[in-house]
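Enquirer: The structure is given below, and queries will be raised subsequently.
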Amino acid sequence: MGQYVNPDNSAFQVALNSEIYIDKTDFIAYTNKVLNTNNALICNSRPRRFGKSITANMLTAYYSKGCNSRQMFDGKKICQDSTFSAHLNRYNVIHFDVQCCRTNVKSAEETIDYIEKNIIQELHQLYPEVDLLHMHSLPDVLAFINNVAGQKFVIIIDEWDALIRDDAQNMKVQERYIDFLRGLFKGTQPTRFLHLAYLTGILPIKKLKTQSALNNFDEFTMLDAKVLAPYIGFTEDEVRILCRQYGRDFDEAKRWYDGYLLGKEHIYNPKAIVSLMMWGEFQSYWSMTGTYESMLFLINRDFDGLKRAILTMLSGETVKVKTASYQNDMVSFKNKDDILTVLIHLGYLAYNKEDRSAFIPNEEIRSEFADAVEENQWTELTELLNSSAKLLDATLEMEAETAAEIVEEMHMGYASGIQYNDENSLSSVISIAYLSAMRYYFKPVRELPTGKGFADLVFFPQKKYSDLPALLIELKWNKSADSAIKQIKEKNYTKAVENYCGEILLVGINYDKKNKIHQCIIEKVKK
């Protein structure tokens, strides 16, 4: 039992000791399935506070010969799997955290030497009959042990991308590190000494030109988590159960922390949910993750369309993103799509794989973006918010003609880049036009089911602004604002907000394509 070779299970025990622990041990059924196969090389990347280290510690506790973890896993989900006993504590495990190793040396250049030296020393203690101390390359040592003793290893690397992120400008370190990883995992020789490799970090594996530096790995990312989606964070069912246990409002938790769409799974940030359960406050816990400065640096890059895309997403809309060109590092940014892609990996944006679009996932992250763009005093934001504030005031004062004029001005100005092809495009423009409402309202709900149809846009006030009315907006294309109000009433769209106790403003907006004129009607409904 060592620090890096065949470690004990104490790190995972800390997670089990915590007041809130969600059983994700059935993840091990997948790693057991791919053990000793062509799919035994796994890179599972996800943002900070999404349980990366807990998963790495869990795998170590399960596979490591350096401990007896049967009692630890007793009653957990993995016990129900037929492979549980066959692999429990049966393997030589090498587990190290690159970020921790980096902090133990004076410079990034020393990190790989530190890792190799310490692991080789522990391997020498484990195999004293094998002369290892004259060797300095970990891949060569593992191959030698395999040749002499026939032993294979499970290698688990936490924060695998620490050098890629934190020493991004040091190309010498980058090249040395990639070569080190290739020695461990690439080619025929590593297949002889590896049972399984599991890498976890924030970024996917670094690309060299258009190809992954380790293209033999199966990658599970925030762009495509595949079968591992339920293990990336907390699922909706898990959050619902916690809300019942702790007496928290699930609908409010969903509004604040839902939004990461991985396949069919709605995934929640575990750190935020645990903090909500413990302290009961609906607020942003994201700023405590240490990535806020990275986000500021990224969104202030001078790429065409980047700030417009951020403002569009702040209003609750989605933007198309091309993810293929991103090099999976923190320096090789060529365009706004690369910035949006890294923000997805950092957890500041969510990704819809079906239509290849990015969006701000929830209120927690939207508040972080709002603080960031206001802190940087973007001219684009200042101008847009000034017009948007006037529109919101006109709406709340039921000054319909003024509201129509402002929408028209904003369409011709900021929103002119959005093509008016149909009512869906009109909906995007209106969302952007009401951007200032984000100070007082939650992210607008599009296509809210009402029982007899779908309300185009609904703004619910935040609880601290409960004196404000809800806004129920119906949009028409080449018809009339009056027909929009009539549809709201005939189809009883107000039923969609029946749980809201305050006033409701019905806002009907029509766009006449031929004359390029907007018309607006506003009515008040008291419940």
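A note on labels: chains of the structure tokens are A, B, ... as shown, every chain counts residues from 1, and ligands are counted from 1 in their shown order.
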Set the distance at 6 Å and use only C-alpha atoms: which residues neighbour Tyr198 of chain A once local chain neighbours fewer than 6 positions away are removed? I'd like the list as a count of residues only.
Expert: 3
Enquirer: Give me every alpha helix (DSSP H) residue in segment 163-276 of chain A, going by DSSP on the backbone, as a ChimeraX atom specification.
Expert: /A:163-166,171-185,188-193,236-246,250-257,270-276
Enquirer: Which residues come within 8 Å of Ala213 of chain A, counting only C-alpha atoms, excluding same-chain residues fewer than 6 positions away, as an mmCIF file with all heavy atoms, in the first residue's frame?
Expert:
data_model
loop_
_atom_site.group_PDB
_atom_site.id
_atom_site.type_symbol
_atom_site.label_atom_id
_atom_site.label_comp_id
_atom_site.auth_asym_id
_atom_site.auth_seq_id
_atom_site.Cartn_x
_atom_site.Cartn_y
_atom_site.Cartn_z
ATOM 1 N N ILE A 178 2.706 15.340 -23.193
ATOM 2 C CA ILE A 178 2.016 14.530 -24.191
ATOM 3 C C ILE A 178 2.845 13.294 -24.529
ATOM 4 O O ILE A 178 2.310 12.180 -24.677
ATOM 5 C CB ILE A 178 1.722 15.357 -25.462
ATOM 6 C CG1 ILE A 178 0.690 16.462 -25.161
ATOM 7 C CG2 ILE A 178 1.199 14.453 -26.579
ATOM 8 C CD1 ILE A 178 -0.663 15.968 -24.707
ATOM 9 N N ARG A 182 1.695 9.439 -24.112
ATOM 10 C CA ARG A 182 1.772 8.512 -25.242
ATOM 11 C C ARG A 182 2.561 7.256 -24.871
ATOM 12 O O ARG A 182 2.214 6.139 -25.271
ATOM 13 C CB ARG A 182 2.417 9.204 -26.437
ATOM 14 C CG ARG A 182 1.451 10.096 -27.214
ATOM 15 C CD ARG A 182 2.179 10.811 -28.318
ATOM 16 N NE ARG A 182 1.279 11.253 -29.354
ATOM 17 C CZ ARG A 182 1.622 12.056 -30.344
ATOM 18 N NH1 ARG A 182 2.874 12.512 -30.413
ATOM 19 N NH2 ARG A 182 0.747 12.412 -31.262
ATOM 20 N N ILE A 205 -8.995 15.308 -24.338
ATOM 21 C CA ILE A 205 -7.588 15.090 -24.658
ATOM 22 C C ILE A 205 -7.124 16.093 -25.716
ATOM 23 O O ILE A 205 -7.825 16.378 -26.684
ATOM 24 C CB ILE A 205 -7.373 13.646 -25.139
ATOM 25 C CG1 ILE A 205 -7.559 12.681 -23.952
ATOM 26 C CG2 ILE A 205 -5.980 13.463 -25.737
ATOM 27 C CD1 ILE A 205 -7.554 11.236 -24.314
ATOM 28 N N LYS A 206 -5.919 16.622 -25.504
ATOM 29 C CA LYS A 206 -5.339 17.630 -26.382
ATOM 30 C C LYS A 206 -5.280 17.129 -27.822
ATOM 31 O O LYS A 206 -4.902 15.989 -28.080
ATOM 32 C CB LYS A 206 -3.927 17.975 -25.908
ATOM 33 C CG LYS A 206 -3.171 18.944 -26.796
ATOM 34 C CD LYS A 206 -3.649 20.364 -26.605
ATOM 35 C CE LYS A 206 -2.797 21.336 -27.427
ATOM 36 N NZ LYS A 206 -3.183 21.362 -28.858
ATOM 37 N N LYS A 207 -5.669 18.021 -28.748
ATOM 38 C CA LYS A 207 -5.556 17.701 -30.165
ATOM 39 C C LYS A 207 -4.230 18.190 -30.714
ATOM 40 O O LYS A 207 -3.716 19.226 -30.307
ATOM 41 C CB LYS A 207 -6.690 18.361 -30.957
ATOM 42 C CG LYS A 207 -8.055 17.740 -30.750
ATOM 43 C CD LYS A 207 -9.074 18.426 -31.637
ATOM 44 C CE LYS A 207 -10.467 17.853 -31.436
ATOM 45 N NZ LYS A 207 -11.458 18.567 -32.279
#
Enquirer: Please determine, counting only C-alpha atoms, which residue among A:Gln377, A:Lys226, A:Phe250, A:Asn57 has the shortest atom-to-atom distance to Leu296 of chain A.
Expert: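 Among the listed residues, the smallest separation from Leu296 of chain A belongs to A:Gln377.
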Enquirer: Hey, which of A:Gln189, A:Asn328, A:Asn9, A:Asn300 ends up closest to Phe144 of chain A? Count only C-alpha atoms.
Expert: A:Gln189
Enquirer: Rank nothing, just name the residue among A:Val507, A:Val227, A:Ala496, A:Ala162 nearest to Tyr30 of chain A, using only C-alpha atoms.
Expert: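 So, comparing all the options, the nearest one is A:Val227.
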Enquirer: If DSSP is run on the backbone, what residues of segment 154-188 of chain A are strand (DSSP E or B)? A reply as a list of chain:residue names would be ideal.
Expert: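 Written out, the strand (DSSP E or B) residues of segment 154-188 of chain A are A:Val154, A:Ile155, A:Ile156, A:Ile157, A:Asp158.
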Enquirer: Hey, which of A:Ile430, A:Ala40, A:Ala309, A:Ile485 ends up closest to Leu194 of chain A? Count only C-alpha atoms.
Expert: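 Looking only at the distances to Leu194 of chain A, the closest residue turns out to be A:Ala40.
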Enquirer: Restricting the calculation to only C-alpha atoms, which member of A:Trp160, A:Phe442, A:Tyr326, A:Tyr511 is positioned closest to Ser212 of chain A?
Expert: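 Closest residue, counting only C-alpha atoms: A:Tyr326.
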Enquirer: Smallest atom-to-atom distance to Leu298 of chain A: which of A:Asn269, A:Ala149, A:Phe282, A:Leu346, using only C-alpha atoms?
Expert: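 Between A:Asn269, A:Ala149, A:Phe282, A:Leu346, the residue approaching Leu298 of chain A most closely is A:Leu346.
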Enquirer: Find the spatial neighbours of Asn89 of chain A, counting only C-alpha atoms, within a cut-off of 10 Å - ignore same-chain residues fewer than 5 positions away - and output them as a ChimeraX atom specification.
Expert: /A:6,59-70
Enquirer: Those residues you just picked out, can you put them in a file as a compact mmCIF listing (two decimals), in the first residue's frame with all heavy atoms?
Expert:
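Result file follows (again00.txt):
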# COMPACT_ATOMS: atom_id res chain seq x y z
N ASN A 6 -1.05 1.09 -5.55
CA ASN A 6 -1.94 0.33 -4.67
C ASN A 6 -2.33 1.12 -3.42
O ASN A 6 -2.13 0.66 -2.28
CB ASN A 6 -1.31 -1.00 -4.27
CG ASN A 6 -1.21 -1.95 -5.45
OD1 ASN A 6 -1.89 -1.77 -6.46
ND2 ASN A 6 -0.36 -2.96 -5.34
N LEU A 59 -13.01 4.38 -8.03
CA LEU A 59 -12.39 3.33 -8.83
C LEU A 59 -11.15 2.78 -8.14
O LEU A 59 -10.89 1.57 -8.16
CB LEU A 59 -12.03 3.88 -10.21
CG LEU A 59 -13.21 4.25 -11.12
CD1 LEU A 59 -12.71 4.89 -12.41
CD2 LEU A 59 -14.05 3.01 -11.43
N THR A 60 -10.37 3.66 -7.51
CA THR A 60 -9.19 3.22 -6.77
C THR A 60 -9.58 2.31 -5.61
O THR A 60 -8.97 1.24 -5.40
CB THR A 60 -8.41 4.44 -6.25
OG1 THR A 60 -7.96 5.21 -7.36
CG2 THR A 60 -7.21 4.00 -5.42
N ALA A 61 -10.58 2.71 -4.85
CA ALA A 61 -11.03 1.90 -3.72
C ALA A 61 -11.52 0.53 -4.17
O ALA A 61 -11.35 -0.47 -3.46
CB ALA A 61 -12.13 2.64 -2.96
N TYR A 62 -12.11 0.48 -5.34
CA TYR A 62 -12.67 -0.79 -5.83
C TYR A 62 -11.59 -1.72 -6.39
O TYR A 62 -11.56 -2.91 -6.09
CB TYR A 62 -13.72 -0.51 -6.90
CG TYR A 62 -14.28 -1.77 -7.53
CD1 TYR A 62 -15.21 -2.55 -6.85
CD2 TYR A 62 -13.87 -2.18 -8.80
CE1 TYR A 62 -15.72 -3.72 -7.42
CE2 TYR A 62 -14.37 -3.33 -9.37
CZ TYR A 62 -15.30 -4.10 -8.68
OH TYR A 62 -15.79 -5.26 -9.24
N TYR A 63 -10.69 -1.19 -7.19
CA TYR A 63 -9.73 -2.05 -7.89
C TYR A 63 -8.44 -2.32 -7.10
O TYR A 63 -7.80 -3.36 -7.29
CB TYR A 63 -9.35 -1.43 -9.24
CG TYR A 63 -10.44 -1.51 -10.28
CD1 TYR A 63 -11.03 -0.35 -10.79
CD2 TYR A 63 -10.87 -2.74 -10.77
CE1 TYR A 63 -12.03 -0.42 -11.75
CE2 TYR A 63 -11.87 -2.82 -11.73
CZ TYR A 63 -12.45 -1.65 -12.22
OH TYR A 63 -13.44 -1.73 -13.16
N SER A 64 -8.02 -1.42 -6.22
CA SER A 64 -6.69 -1.49 -5.62
C SER A 64 -6.48 -2.71 -4.73
O SER A 64 -7.30 -3.02 -3.85
CB SER A 64 -6.43 -0.22 -4.80
OG SER A 64 -5.19 -0.31 -4.13
N LYS A 65 -5.34 -3.36 -4.95
CA LYS A 65 -4.93 -4.46 -4.07
C LYS A 65 -4.50 -3.95 -2.70
O LYS A 65 -4.34 -4.75 -1.76
CB LYS A 65 -3.72 -5.19 -4.69
CG LYS A 65 -4.05 -6.17 -5.79
CD LYS A 65 -2.77 -6.89 -6.24
CE LYS A 65 -3.07 -7.98 -7.25
NZ LYS A 65 -1.82 -8.66 -7.66
N GLY A 66 -4.32 -2.64 -2.57
CA GLY A 66 -3.81 -2.08 -1.33
C GLY A 66 -4.85 -1.92 -0.24
O GLY A 66 -4.56 -1.33 0.80
N CYS A 67 -6.06 -2.45 -0.46
CA CYS A 67 -7.10 -2.31 0.57
C CYS A 67 -8.14 -3.40 0.42
O CYS A 67 -8.18 -4.13 -0.58
CB CYS A 67 -7.78 -0.93 0.46
SG CYS A 67 -8.37 -0.52 -1.19
N ASN A 68 -8.97 -3.52 1.43
CA ASN A 68 -10.11 -4.44 1.40
C ASN A 68 -11.38 -3.59 1.49
O ASN A 68 -11.70 -3.06 2.56
CB ASN A 68 -10.03 -5.42 2.57
CG ASN A 68 -11.15 -6.44 2.55
OD1 ASN A 68 -12.14 -6.28 1.82
ND2 ASN A 68 -11.02 -7.48 3.36
N SER A 69 -12.10 -3.46 0.39
CA SER A 69 -13.22 -2.52 0.32
C SER A 69 -14.57 -3.20 0.26
O SER A 69 -15.57 -2.54 -0.03
CB SER A 69 -13.05 -1.62 -0.92
OG SER A 69 -11.84 -0.92 -0.88
N ARG A 70 -14.64 -4.49 0.55
CA ARG A 70 -15.92 -5.18 0.44
C ARG A 70 -16.98 -4.55 1.34
O ARG A 70 -18.11 -4.31 0.93
CB ARG A 70 -15.75 -6.67 0.77
CG ARG A 70 -17.06 -7.46 0.62
CD ARG A 70 -16.81 -8.95 0.70
NE ARG A 70 -16.05 -9.43 -0.44
CZ ARG A 70 -16.59 -9.78 -1.61
NH1 ARG A 70 -17.90 -9.65 -1.79
NH2 ARG A 70 -15.84 -10.23 -2.58
Enquirer: Just the number, please: distance in Å from atom CA of His95 of chain A to atom CA of Ile155 of chain A, one decimal.
Expert: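 According to the coordinates, atom CA of His95 of chain A and atom CA of Ile155 of chain A are separated by 6.0 Å.
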Enquirer: If we count only C-alpha atoms and set the cut-off at 8 Å, which residues sit around Phe153 of chain A, ignoring sequence neighbours fewer than 2 positions away in its own chain? Please answer as a list of chain:residue names.
Expert: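 These residues fall inside the cut-off: A:Tyr91, A:Asn92, A:Val93, A:Ile94, A:Gln151, A:Ile155, A:Phe193, A:Leu194, A:His195, A:Leu196.
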Enquirer: Compile the contact shell of Glu409 of chain A as number ranges by chain: residues with an atom at most 12 Å away, counting only C-alpha atoms, same-chain residues fewer than 3 positions apart removed.
Expert: A: 384, 387-388, 390-391, 402-406, 412-416, 429-430, 433, 516-518
Enquirer: Which residues, written as number ranges by chain, have at least one atom at most 12 Å from Ser436 of chain A, with only C-alpha atoms counted and residues fewer than 3 positions away on the same chain left out?
Expert: A: 311, 314-316, 370, 374, 381-393, 430-433, 439-444, 459
